[in-house]
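Raw contents of my_file34.csv, CSV, C-alpha atoms:
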chain,number,residue,atom,x,y,z
A,1499,MET,CA,-9.6,5.3,25.2
A,1500,ASN,CA,-9.5,8.9,24.1
A,1501,GLU,CA,-11.8,10.3,21.5
A,1502,GLY,CA,-9.1,12.1,19.6
A,1503,ASP,CA,-11.2,14.4,17.4
A,1504,GLY,CA,-12.5,17.4,19.4
A,1505,HIS,CA,-14.5,18.8,16.5
A,1506,ALA,CA,-18.3,18.5,16.1
A,1507,MET,CA,-18.4,16.2,13.0
A,1508,GLY,CA,-17.7,12.8,14.6
A,1509,ARG,CA,-20.2,10.1,13.9
A,1510,GLY,CA,-23.0,12.3,12.5
A,1511,GLU,CA,-24.9,11.0,9.6
A,1512,VAL,CA,-24.1,11.9,6.0
A,1513,THR,CA,-25.8,15.2,5.5
A,1514,ARG,CA,-28.4,15.9,2.9
A,1515,ARG,CA,-26.1,18.5,1.3
A,1516,ARG,CA,-23.3,16.0,0.9
A,1517,MET,CA,-25.6,13.3,-0.5
A,1518,ILE,CA,-26.9,15.7,-3.1
A,1519,LYS,CA,-23.3,16.7,-3.9
A,1520,LEU,CA,-22.4,13.0,-4.4
A,1521,ALA,CA,-25.4,12.4,-6.6
A,1522,GLY,CA,-24.7,15.6,-8.6
A,1523,ALA,CA,-21.1,14.6,-9.2
A,1524,GLY,CA,-22.1,11.2,-10.5
A,1525,ALA,CA,-24.8,12.6,-12.7
A,1526,GLY,CA,-22.4,15.2,-14.1
A,1527,LEU,CA,-19.9,12.5,-15.1
A,1528,ALA,CA,-22.6,10.4,-16.7
A,1529,LEU,CA,-23.6,13.4,-18.9
A,1530,LEU,CA,-20.1,14.5,-19.8
A,1531,GLY,CA,-18.8,11.0,-20.5
A,1532,ALA,CA,-15.7,9.2,-19.4
A,1533,GLY,CA,-13.4,11.3,-21.5
A,1534,THR,CA,-14.2,14.6,-19.8
A,1535,ALA,CA,-13.5,14.0,-16.1
A,1536,ALA,CA,-12.6,17.0,-13.9
A,1537,CYS,CA,-8.9,16.7,-14.6
A,1538,GLY,CA,-9.5,17.7,-18.3
A,1539,PRO,CA,-8.9,15.8,-21.5
A,1540,VAL,CA,-6.6,12.8,-21.2
A,1541,GLU,CA,-3.9,12.3,-23.7
A,1542,GLU,CA,-2.1,9.0,-24.3
A,1543,PRO,CA,1.6,9.7,-24.0
A,1544,ALA,CA,4.0,7.7,-26.1
A,1545,GLU,CA,6.4,5.2,-24.7
A,1546,GLY,CA,9.2,7.0,-22.9
A,1547,GLY,CA,7.3,10.3,-22.5
A,1548,GLY,CA,4.6,12.5,-24.0
A,1549,SER,CA,4.8,14.6,-27.1
A,1550,GLY,CA,3.2,17.6,-28.7
A,1551,SER,CA,2.5,21.1,-27.3
A,1552,PRO,CA,1.4,21.4,-23.7
A,1553,LYS,CA,-2.2,22.2,-22.9
A,1554,PRO,CA,-3.1,25.0,-20.5
A,1555,GLY,CA,-1.9,24.1,-17.0
A,1556,GLU,CA,0.4,21.3,-18.1
A,1557,SER,CA,4.1,21.3,-17.6
A,1558,ALA,CA,6.0,22.4,-20.7
A,1559,LYS,CA,8.1,19.2,-21.2
A,1560,PRO,CA,8.2,15.6,-20.1
A,1561,GLY,CA,9.7,15.5,-16.6
A,1562,GLY,CA,9.4,19.2,-16.3
A,1563,ASP,CA,7.9,21.2,-13.4
A,1564,ALA,CA,4.7,20.0,-11.9
A,1565,PRO,CA,1.6,21.8,-13.3
A,1566,ALA,CA,-0.2,24.8,-11.9
A,1567,PRO,CA,-3.3,24.1,-9.7
A,1568,GLY,CA,-6.1,22.7,-11.9
A,1569,GLY,CA,-3.7,21.6,-14.6
A,1570,LYS,CA,-2.4,18.1,-15.4
A,1571,PRO,CA,1.2,16.9,-15.3
A,1572,LYS,CA,2.9,15.6,-18.4
A,1573,PRO,CA,4.5,12.2,-17.7
A,1574,ALA,CA,8.3,12.0,-17.6
A,1575,TRP,CA,7.9,8.6,-19.1
A,1576,GLN,CA,5.5,5.8,-19.5
A,1577,HIS,CA,5.8,2.1,-20.4
A,1578,THR,CA,3.8,-1.0,-20.6
A,1579,THR,CA,4.3,-3.6,-17.8
A,1580,THR,CA,3.7,-7.3,-17.2
A,1581,TYR,CA,1.9,-6.6,-13.9
A,1582,ASP,CA,-0.7,-9.3,-13.3
A,1583,GLY,CA,-2.9,-7.4,-10.9
A,1584,LEU,CA,-2.3,-9.8,-8.0
A,1585,ALA,CA,0.0,-8.0,-5.7
A,1586,TRP,CA,-1.4,-7.3,-2.3
A,1587,ILE,CA,-0.2,-3.8,-1.6
A,1588,SER,CA,3.4,-3.4,-2.8
A,1589,ALA,CA,3.0,-3.7,-6.6
A,1590,VAL,CA,5.7,-1.0,-7.2
A,1591,ALA,CA,8.8,0.0,-5.3
A,1592,VAL,CA,11.5,2.7,-5.8
A,1593,VAL,CA,15.0,1.8,-4.5
A,1594,ASP,CA,17.5,4.6,-4.9
A,1595,ASN,CA,17.0,5.4,-8.6
A,1596,VAL,CA,15.5,2.1,-9.6
A,1597,VAL,CA,11.8,1.3,-10.2
A,1598,LEU,CA,10.6,-2.2,-9.7
A,1599,VAL,CA,7.1,-3.4,-10.8
A,1600,SER,CA,5.7,-6.8,-9.9
A,1601,GLY,CA,5.3,-9.1,-12.9
A,1602,ASP,CA,6.8,-11.7,-15.1
A,1603,PRO,CA,9.3,-10.9,-16.4
A,1604,LEU,CA,10.4,-8.7,-13.5
A,1605,VAL,CA,11.7,-5.5,-15.0
A,1606,ALA,CA,13.8,-2.7,-13.4
A,1607,ARG,CA,13.8,0.8,-14.9
A,1608,ASP,CA,15.8,4.0,-14.3
A,1609,LEU,CA,13.6,6.4,-12.2
A,1610,THR,CA,14.7,9.4,-14.2
A,1611,THR,CA,14.6,8.2,-17.8
A,1612,GLY,CA,12.4,5.1,-17.6
A,1613,LYS,CA,15.1,3.1,-19.5
A,1614,GLU,CA,15.1,-0.6,-18.8
A,1615,ILE,CA,18.0,-1.6,-16.6
A,1616,TRP,CA,17.4,-5.3,-16.4
A,1617,SER,CA,14.8,-7.9,-16.9
A,1618,ARG,CA,14.4,-11.5,-15.6
A,1619,ALA,CA,11.7,-14.0,-16.5
A,1620,GLU,CA,10.4,-16.7,-14.1
A,1621,VAL,CA,12.2,-15.3,-11.1
A,1622,THR,CA,9.2,-15.2,-8.7
A,1623,THR,CA,5.6,-16.3,-8.2
A,1624,PRO,CA,2.5,-14.4,-9.5
A,1625,GLY,CA,1.4,-11.5,-7.4
A,1626,ALA,CA,4.8,-11.0,-5.7
A,1627,SER,CA,5.1,-7.9,-3.5
A,1628,MET,CA,8.1,-5.7,-4.0
A,1629,LEU,CA,9.4,-5.9,-0.4
A,1630,ILE,CA,12.8,-4.4,0.3
A,1631,GLY,CA,14.9,-5.0,3.3
A,1632,GLY,CA,18.5,-3.6,3.7
A,1633,GLY,CA,18.6,-2.7,0.1
A,1634,THR,CA,17.7,-6.2,-1.1
A,1635,LEU,CA,14.5,-7.4,-2.9
A,1636,TYR,CA,13.2,-10.6,-1.3
A,1637,LEU,CA,11.0,-13.0,-3.3
A,1638,ALA,CA,9.6,-16.5,-3.2
A,1639,SER,CA,11.1,-18.7,-5.9
A,1640,ALA,CA,9.1,-19.1,-9.1
A,1641,HIS,CA,10.0,-22.8,-9.1
A,1642,TYR,CA,7.8,-23.5,-6.0
A,1643,ASP,CA,10.8,-25.3,-4.5
A,1644,GLY,CA,10.5,-23.7,-1.1
A,1645,ASN,CA,13.4,-21.3,-1.7
A,1646,ILE,CA,13.4,-17.6,-0.8
A,1647,ILE,CA,15.8,-15.5,-2.9
A,1648,GLY,CA,17.3,-12.1,-2.6
A,1649,LEU,CA,18.0,-9.9,-5.6
A,1650,ASP,CA,20.1,-6.8,-6.0
A,1651,PRO,CA,17.6,-4.2,-7.3
A,1652,LYS,CA,20.4,-2.4,-9.3
A,1653,THR,CA,21.5,-5.6,-11.3
A,1654,GLY,CA,18.8,-8.2,-10.8
A,1655,LYS,CA,21.4,-10.7,-9.8
A,1656,ASP,CA,20.8,-13.2,-7.0
A,1657,THR,CA,22.7,-12.2,-3.8
A,1658,TRP,CA,21.0,-14.5,-1.2
A,1659,ARG,CA,19.1,-17.7,-1.0
A,1660,SER,CA,17.5,-19.7,1.9
A,1661,ARG,CA,14.6,-22.0,2.6
A,1662,LEU,CA,12.2,-22.6,5.5
A,1663,GLY,CA,12.4,-26.4,5.4
A,1664,ASP,CA,12.6,-29.3,3.1
A,1665,LYS,CA,9.2,-31.0,2.7
A,1666,GLU,CA,7.1,-30.1,5.7
A,1667,TYR,CA,5.9,-26.7,4.5
A,1668,SER,CA,4.0,-25.4,1.5
A,1669,GLN,CA,5.4,-22.6,-0.6
A,1670,PRO,CA,6.6,-19.9,1.8
A,1671,ARG,CA,5.6,-16.3,1.0
A,1672,VAL,CA,7.6,-13.2,2.1
A,1673,ILE,CA,5.5,-10.8,4.1
A,1674,ALA,CA,8.1,-8.3,5.4
A,1675,ALA,CA,11.9,-7.7,5.5
A,1676,ASP,CA,14.4,-5.5,7.3
A,1677,ALA,CA,18.1,-5.4,7.5
A,1678,ASP,CA,18.4,-8.4,9.8
A,1679,HIS,CA,15.5,-10.8,8.9
A,1680,VAL,CA,13.2,-11.9,6.1
A,1681,TYR,CA,9.7,-12.8,7.5
A,1682,VAL,CA,7.7,-15.5,5.8
A,1683,VAL,CA,4.5,-17.4,6.3
A,1684,ALA,CA,3.9,-20.9,5.0
A,1685,GLY,CA,1.3,-23.7,5.4
A,1686,ILE,CA,2.2,-26.8,7.4
A,1687,LEU,CA,1.6,-29.9,5.3
A,1688,ASP,CA,-0.2,-32.8,6.9
A,1689,LYS,CA,-0.1,-36.4,5.7
A,1690,ASP,CA,-2.7,-35.7,3.1
A,1691,PHE,CA,-0.7,-32.6,1.8
A,1692,ARG,CA,-3.3,-30.2,3.1
A,1693,THR,CA,-2.4,-27.1,5.2
A,1694,PRO,CA,-4.9,-26.8,8.0
A,1695,ASP,CA,-2.3,-24.8,10.0
A,1696,ASN,CA,0.4,-22.4,9.2
A,1697,VAL,CA,3.7,-21.1,10.5
A,1698,ILE,CA,5.4,-17.7,10.6
A,1699,ALA,CA,9.1,-17.5,10.7
A,1700,ALA,CA,12.2,-15.2,10.5
A,1701,ILE,CA,15.3,-16.0,8.4
A,1702,ASP,CA,18.6,-14.3,9.1
A,1703,THR,CA,19.7,-12.2,6.1
A,1704,SER,CA,23.4,-12.8,6.8
A,1705,SER,CA,23.5,-16.5,7.3
A,1706,GLY,CA,20.3,-17.6,5.6
A,1707,LYS,CA,19.5,-19.7,8.7
A,1708,VAL,CA,16.0,-19.9,10.3
A,1709,VAL,CA,16.1,-17.8,13.4
A,1710,TRP,CA,12.7,-18.7,14.8
A,1711,ARG,CA,9.6,-20.5,13.6
A,1712,GLU,CA,6.2,-20.2,15.4
A,1713,GLN,CA,3.0,-22.1,14.6
A,1714,ARG,CA,0.0,-19.7,14.5
A,1715,ASP,CA,-3.3,-20.4,16.1
A,1716,HIS,CA,-5.4,-23.1,14.4
A,1717,GLY,CA,-8.0,-21.6,12.0
A,1718,THR,CA,-5.9,-18.5,11.2
A,1719,GLU,CA,-5.5,-17.9,7.5
A,1720,ASP,CA,-2.1,-17.8,5.8
A,1721,ASN,CA,-3.1,-15.5,3.0
A,1722,GLY,CA,-4.2,-11.9,3.0
A,1723,LEU,CA,-1.4,-11.0,5.4
A,1724,THR,CA,-0.1,-7.4,5.7
A,1725,ALA,CA,3.0,-6.9,7.9
A,1726,ARG,CA,5.3,-4.2,9.0
A,1727,VAL,CA,8.5,-4.2,11.1
A,1728,SER,CA,9.2,-1.5,13.7
A,1729,GLY,CA,12.4,-1.9,15.6
A,1730,LYS,CA,12.1,-5.1,17.7
A,1731,ARG,CA,8.5,-5.7,16.7
A,1732,LEU,CA,6.8,-7.5,13.8
A,1733,VAL,CA,3.2,-6.4,13.4
A,1734,TYR,CA,0.8,-8.1,11.1
A,1735,THR,CA,-2.9,-8.7,10.3
A,1736,ASP,CA,-4.6,-11.5,8.4
A,1737,PHE,CA,-7.5,-10.3,6.3
A,1738,ARG,CA,-7.9,-7.8,9.1
A,1739,GLU,CA,-9.5,-10.3,11.5
A,1740,ASN,CA,-6.5,-10.4,13.9
A,1741,LEU,CA,-3.9,-7.8,14.8
A,1742,THR,CA,-0.7,-9.5,16.2
A,1743,VAL,CA,2.7,-8.3,17.5
A,1744,ARG,CA,5.7,-10.5,17.8
A,1745,ASP,CA,9.3,-10.0,19.0
A,1746,THR,CA,11.6,-9.9,15.9
A,1747,ALA,CA,14.5,-11.7,17.7
A,1748,THR,CA,12.6,-14.6,19.2
A,1749,GLY,CA,9.1,-14.8,17.5
A,1750,HIS,CA,7.4,-14.6,20.9
A,1751,GLN,CA,3.9,-13.3,20.6
A,1752,VAL,CA,3.7,-10.0,22.5
A,1753,TRP,CA,0.0,-9.6,22.1
A,1754,THR,CA,-2.9,-10.3,19.7
A,1755,LYS,CA,-6.5,-9.2,19.5
A,1756,LYS,CA,-9.5,-9.5,17.3
A,1757,ILE,CA,-10.2,-6.4,15.3
A,1758,GLY,CA,-12.9,-7.6,12.9
A,1759,ARG,CA,-12.8,-8.2,9.2
A,1760,SER,CA,-12.8,-5.4,6.7
A,1761,SER,CA,-11.7,-4.8,3.1
A,1762,ASN,CA,-8.8,-2.6,4.1
A,1763,ARG,CA,-5.2,-3.8,3.6
A,1764,GLY,CA,-2.7,-1.3,5.0
A,1765,PHE,CA,-1.9,0.0,8.5
A,1766,GLU,CA,0.8,2.1,10.0
A,1767,VAL,CA,3.3,1.7,12.9
A,1768,HIS,CA,4.5,5.1,14.2
A,1769,GLU,CA,6.3,6.1,17.3
A,1770,GLY,CA,5.1,3.2,19.5
A,1771,LEU,CA,1.5,3.1,18.0
A,1772,VAL,CA,-0.2,0.7,15.6
A,1773,ILE,CA,-2.7,2.8,13.7
A,1774,ILE,CA,-5.4,0.8,11.8
A,1775,ALA,CA,-8.8,1.5,10.2
A,1776,THR,CA,-11.7,-0.8,11.4
A,1777,GLY,CA,-14.8,0.3,9.5
A,1778,GLU,CA,-16.0,3.7,10.8
A,1779,GLN,CA,-13.2,3.9,13.3
A,1780,MET,CA,-9.5,4.9,13.0
A,1781,ARG,CA,-7.8,3.3,16.0
A,1782,ALA,CA,-4.4,3.4,17.6
A,1783,PHE,CA,-3.0,0.6,19.8
A,1784,ASP,CA,0.1,0.7,22.0
A,1785,LEU,CA,2.8,-1.3,20.2
A,1786,GLU,CA,4.0,-2.9,23.5
A,1787,THR,CA,0.8,-3.6,25.4
A,1788,GLY,CA,-2.0,-3.6,22.8
A,1789,ALA,CA,-3.9,-1.0,24.9
A,1790,GLU,CA,-6.1,1.3,22.8
A,1791,ARG,CA,-4.7,4.8,23.0
A,1792,TRP,CA,-7.2,6.8,20.8
A,1793,SER,CA,-9.8,6.5,18.2
A,1794,PHE,CA,-12.0,8.7,16.1
A,1795,ALA,CA,-14.8,8.1,13.7
A,1796,THR,CA,-15.9,9.1,10.2
A,1797,GLU,CA,-19.5,9.7,9.3
A,1798,LYS,CA,-22.1,7.0,9.9
A,1799,TYR,CA,-22.5,4.6,6.9
A,1800,SER,CA,-19.0,5.5,5.8
A,1801,ARG,CA,-15.7,3.6,6.3
A,1802,PHE,CA,-12.1,4.6,6.5
A,1803,ASN,CA,-9.6,3.6,3.8
A,1804,ASP,CA,-6.0,2.7,4.6
A,1805,PRO,CA,-4.0,5.3,6.7
A,1806,ALA,CA,-0.5,6.6,5.9
A,1807,VAL,CA,1.8,8.6,8.2
A,1808,LEU,CA,4.0,11.0,6.2
A,1809,ASP,CA,6.2,13.7,7.7
A,1810,GLY,CA,4.5,13.2,11.1
A,1811,VAL,CA,0.9,13.6,9.8
A,1812,LEU,CA,-1.6,10.8,9.5
A,1813,TYR,CA,-3.6,11.0,6.3
A,1814,ALA,CA,-6.7,8.9,5.4
A,1815,SER,CA,-9.7,9.0,3.2
A,1816,ASP,CA,-13.2,7.6,3.7
A,1817,THR,CA,-15.8,6.1,1.5
A,1818,VAL,CA,-17.8,9.3,1.1
A,1819,HIS,CA,-14.6,10.8,-0.4
A,1820,GLY,CA,-13.6,12.9,2.5
A,1821,LEU,CA,-9.9,13.5,3.2
A,1822,TRP,CA,-8.4,13.7,6.7
A,1823,ALA,CA,-5.2,14.9,8.3
A,1824,VAL,CA,-4.6,13.9,11.9
A,1825,ASP,CA,-2.0,14.0,14.6
A,1826,PRO,CA,-0.9,10.4,14.8
A,1827,ALA,CA,0.2,10.8,18.5
A,1828,THR,CA,-3.2,11.9,19.8
A,1829,GLY,CA,-5.8,11.3,17.0
A,1830,LYS,CA,-6.7,15.0,17.0
A,1831,ARG,CA,-7.7,16.4,13.7
A,1832,HIS,CA,-5.6,19.0,11.8
A,1833,TRP,CA,-8.2,19.2,9.0
A,1834,HIS,CA,-11.0,17.3,7.3
A,1835,ASN,CA,-11.7,18.2,3.7
A,1836,PRO,CA,-15.2,17.1,2.6
A,1837,GLU,CA,-14.8,19.0,-0.6
A,1838,SER,CA,-12.9,16.0,-2.1
A,1839,LEU,CA,-16.4,14.4,-2.4
A,1840,ASP,CA,-16.2,15.2,-6.2
A,1841,ILE,CA,-13.2,12.9,-6.7
A,1842,ASP,CA,-12.6,9.2,-6.0
A,1843,ALA,CA,-10.8,8.8,-2.6
A,1844,PRO,CA,-7.2,7.7,-2.4
A,1845,TRP,CA,-6.2,4.4,-0.8
A,1846,GLN,CA,-2.4,4.9,-1.0
A,1847,PHE,CA,-0.5,8.1,-0.3
A,1848,ALA,CA,3.0,9.5,-0.9
A,1849,LYS,CA,4.5,12.9,-0.1
A,1850,VAL,CA,7.3,14.5,-2.2
A,1851,GLY,CA,8.4,18.1,-2.5
A,1852,GLY,CA,5.7,19.5,-0.2
A,1853,VAL,CA,2.8,17.9,-2.1
A,1854,LEU,CA,0.6,15.0,-1.0
A,1855,TYR,CA,-0.2,12.4,-3.6
A,1856,GLY,CA,-3.0,9.8,-3.5
A,1857,ALA,CA,-3.8,6.8,-5.7
A,1858,THR,CA,-7.4,5.8,-6.3
A,1859,GLN,CA,-9.0,2.4,-6.9
A,1860,PHE,CA,-11.9,1.0,-9.0
A,1861,ASP,CA,-12.7,4.2,-10.8
A,1862,LYS,CA,-12.0,4.8,-14.5
A,1863,ASN,CA,-12.0,8.5,-13.9
A,1864,GLY,CA,-9.7,8.3,-10.8
A,1865,GLY,CA,-5.9,8.2,-11.0
A,1866,ILE,CA,-3.2,10.0,-9.1
A,1867,HIS,CA,-4.4,13.1,-7.2
A,1868,ALA,CA,-2.1,15.9,-5.9
A,1869,PHE,CA,-3.2,17.7,-2.8
A,1870,ASP,CA,-2.0,20.7,-0.8
A,1871,PRO,CA,-1.0,19.0,2.5
A,1872,ALA,CA,-1.9,22.2,4.4
A,1873,ASP,CA,-5.7,21.9,3.8
A,1874,GLY,CA,-6.3,18.9,1.5
A,1875,LYS,CA,-7.3,21.1,-1.5
A,1876,LEU,CA,-7.0,19.2,-4.8
A,1877,LEU,CA,-4.2,20.6,-7.1
A,1878,TRP,CA,-4.5,18.3,-10.1
A,1879,THR,CA,-5.4,14.8,-11.2
A,1880,TYR,CA,-3.5,12.5,-13.6
A,1881,ASN,CA,-5.4,9.8,-15.5
A,1882,ASP,CA,-3.8,7.6,-18.1
A,1883,GLY,CA,-7.0,7.6,-20.3
A,1884,SER,CA,-7.2,3.8,-20.3
A,1885,GLY,CA,-10.7,3.6,-18.9
A,1886,ASP,CA,-9.6,0.7,-16.8
A,1887,ILE,CA,-11.1,0.5,-13.3
A,1888,ASP,CA,-8.1,-1.4,-11.8
A,1889,ARG,CA,-6.5,-0.1,-8.6
A,1890,TRP,CA,-3.7,2.5,-8.9
A,1891,TYR,CA,-0.5,1.9,-7.0
A,1892,LEU,CA,1.9,4.6,-5.9
A,1893,ALA,CA,5.6,4.9,-4.9
A,1894,ALA,CA,7.7,7.9,-4.4
A,1895,GLY,CA,11.2,8.8,-5.6
A,1896,ALA,CA,13.4,11.9,-5.2
A,1897,LYS,CA,12.0,13.8,-8.2
A,1898,HIS,CA,9.1,11.6,-9.4
A,1899,VAL,CA,6.1,9.7,-8.2
A,1900,VAL,CA,5.7,6.4,-9.9
A,1901,ALA,CA,2.2,5.0,-10.6
A,1902,VAL,CA,1.2,1.5,-11.7
A,1903,HIS,CA,-2.2,1.1,-13.3
A,1904,ALA,CA,-3.4,-2.0,-15.2
A,1905,LYS,CA,-0.6,-2.6,-17.7
A,1906,LYS,CA,1.2,0.8,-17.5
A,1907,VAL,CA,3.9,2.3,-15.3
A,1908,THR,CA,4.1,6.1,-15.3
A,1909,ALA,CA,6.5,8.5,-13.8
A,1910,LEU,CA,5.1,11.9,-12.9
A,1911,PRO,CA,7.3,15.0,-12.1
A,1912,VAL,CA,7.1,16.6,-8.7
A,1913,GLY,CA,8.2,19.9,-7.3
Take the structure in the file and write it out as structure tokens.
Amino acid sequence: MNEGDGHAMGRGEVTRRRMIKLAGAGAGLALLGAGTAACGPVEEPAEGGGSGSPKPGESAKPGGDAPAPGGKPKPAWQHTTTYDGLAWISAVAVVDNVVLVSGDPLVARDLTTGKEIWSRAEVTTPGASMLIGGGTLYLASAHYDGNIIGLDPKTGKDTWRSRLGDKEYSQPRVIAADADHVYVVAGILDKDFRTPDNVIAAIDTSSGKVVWREQRDHGTEDNGLTARVSGKRLVYTDFRENLTVRDTATGHQVWTKKIGRSSNRGFEVHEGLVIIATGEQMRAFDLETGAERWSFATEKYSRFNDPAVLDGVLYASDTVHGLWAVDPATGKRHWHNPESLDIDAPWQFAKVGGVLYGATQFDKNGGIHAFDPADGKLLWTYNDGSGDIDRWYLAAGAKHVVAVHAKKVTALPVG
């Protein structure tokens, strides 16, 4: 194992200066009140876009140029949603020029205008993730009949249907998809209709036939799964206790290991490495062998949030609001910006038009941050003014980033 970060910071304790800064930031917000966060006054844009004259630093029109540093973007459009707050990670997806937000009814909107393209009620289960494979959205049926359905994101029409079995499995859930397979997990029903064990399976996207079906180890949980497909490998975690790699063609378990439970959800697979946060450590494992290739640590008493690899750079935040940029091949640090301590740390990232975007969680004064990817400096923050502490979700399109927060979906201009 190679300690990837050659800088002096490493696992040192949170410094007195930084603790004072954190405390001062909290006190300042308490004195100023929720309506006067660092990003400036929050306006409530009307459905379909904002109105009125731009404030200093804002873009001049809805969907216009992104604001100057320190300003706030004016939404291209904003609408209410039916999002139920239950999606694991993928609450929103952008496919070509279509925006999909988890909820019932399931609604598709035009990325540029926000106009509703189609809407379907009772098409899937609560908390469905917007998982796309080969241009198709795959969902578990809302009728709890064991069916998995595929929808065309552009029309909302059914294009594919299959099932894992007849009566031997509880409701299967889609955990990943690629052009060849849909990957599902389901409980195995015993004679008393309990599910002490579960199965993971792959279904062919052409024929709808089950390609393989493998029973997982007794005691493993069938909820809280996060999965990614990389070439011939399916990688997944279950509530972050186990990290497992299987062959996509056969279901054969290539390797698995205990990594410990944490509250993180996402991980990355990049150029033969599985990169995952385990508490104070960011760790990389060889995709084929499971051998640990590098690791580095954040400060003591701090934890890493979910990583993201964008344009060949690994980005992550930590729980003392630091922001990191790292070489994903070696774990060596490009930069670490502790000055982001004054803002809530992102848990999801996107990069569009040379700007790094981050979505925060559980902070009414958080929102969507824009950073300079060269050094992690904050450019601006957008907050919808709702005062809701629900997690923000983020997806990227060609000329917009799309955010979901509580009951709103918002498109922000980029560039």
Self-check item: Contact residues around stretch 1807-1816 of chain A with all atoms listed in the file at 7 Å, ignoring same-chain residues under 3 positions, as a PyMOL selection string
Solution: chain A and resi 1766+1800-1804+1819-1826+1843-1844+1849
Quiz item: Hey, which of A:Thr1634, A:Thr1908, A:Asn1881, A:Ser1705 ends up closest to A:Asp1594? Count all atoms listed in the file.
Solution: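 Checking each of A:Thr1634, A:Thr1908, A:Asn1881, A:Ser1705 against A:Asp1594, counting all atoms listed in the file, the winner is A:Thr1634.
Among A:Glu1786, A:Asp1840, A:Asp1690, A:Asp1715, the residue with the shortest atom-to-atom distance to A:Glu1769, counting all atoms listed in the file, is A:Glu1786.
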Quiz item: In Å to one decimal, how far is atom CA of A:Val1590 from atom CA of A:Ser1660?
Solution: 23.9 Å
Quiz item: Which residues, written as number ranges by chain, have at least one atom at most 7 Å from A:Gly1829, with all atoms listed in the file counted and residues fewer than 2 positions away on the same chain left out?
Solution: A: 1502-1503, 1792-1794, 1824-1827, 1831
Self-check item: Point (-5.7, -16.1, 11.2), cut-off 7 Å, counting only C-alpha atoms, residues as number ranges by chain
Solution: A: 1715, 1717-1720, 1736, 1739-1740
For those residues, write C-alpha atoms to a file as a short mmCIF file (atom, residue, chain, number, x, y, z; two decimals), in the frame of the given file.
data_model
loop_
_atom_site.label_atom_id
_atom_site.label_comp_id
_atom_site.auth_asym_id
_atom_site.auth_seq_id
_atom_site.Cartn_x
_atom_site.Cartn_y
_atom_site.Cartn_z
CA ASP A 1715 -3.30 -20.40 16.10
CA GLY A 1717 -8.00 -21.60 12.00
CA THR A 1718 -5.90 -18.50 11.20
CA GLU A 1719 -5.50 -17.90 7.50
CA ASP A 1720 -2.10 -17.80 5.80
CA ASP A 1736 -4.60 -11.50 8.40
CA GLU A 1739 -9.50 -10.30 11.50
CA ASN A 1740 -6.50 -10.40 13.90
#
Self-check item: Nearby residues (all atoms listed in the file) at most 9 Å from stretch 1747-1749 of chain A, same-chain spacing under 5 positions excluded, as number ranges by chain
Solution: A: 1679, 1698-1700, 1709-1712, 1730-1732
Self-check item: 10 Å contact set for stretch 1623-1625 of chain A, all atoms listed in the file, chain neighbours under 5 positions out, as an NGL selection string
Solution: :A and (1581-1589 or 1600-1602 or 1637-1642 or 1669 or 1671)
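Closest approach to A:Val1907 among A:Thr1578, A:Thr1742, A:Thr1611, A:Thr1776 is made by A:Thr1578 (distances from all atoms listed in the file).
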Quiz item: What is the atom CA of A:Arg1889-atom CA of A:Pro1603 distance in Å, reported with one decimal?
Solution: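 If I compute the distance from atom CA of A:Arg1889 to atom CA of A:Pro1603, I get 20.7 Å.
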Practice problem: Considering only C-alpha atoms, return as a PyMOL selection string whatever protein or nucleic-acid residues lie within 9 Å of A:Thr1653, sequence-local ones (same chain, fewer than 5 positions apart) excluded. | Solution: chain A and resi 1606+1615-1616
Self-check item: Two-atom distance - atom CA of A:Val1597, atom CA of A:Lys1707 (Å)
Solution: 29.3 Å
Quiz item: Which one is closest to A:Ala1591: A:Gln1713, A:Thr1828, A:Thr1579, A:Ser1627? Count only C-alpha atoms.
Solution: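 Checking each candidate against A:Ala1591, we get A:Ser1627 as the closest.
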Quiz prompt | Among listed residues A:Thr1817, A:Ile1887, A:Gly1856, A:Thr1796, nearest A:Val1900 (using all atoms listed in the file) | solution =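 Closest residue, counting all atoms listed in the file: A:Gly1856.
Shortest atom-to-atom contact with A:Thr1693 among A:Asp1873, A:Asp1888, A:Glu1666, A:Asp1656: A:Glu1666, counting all atoms listed in the file.
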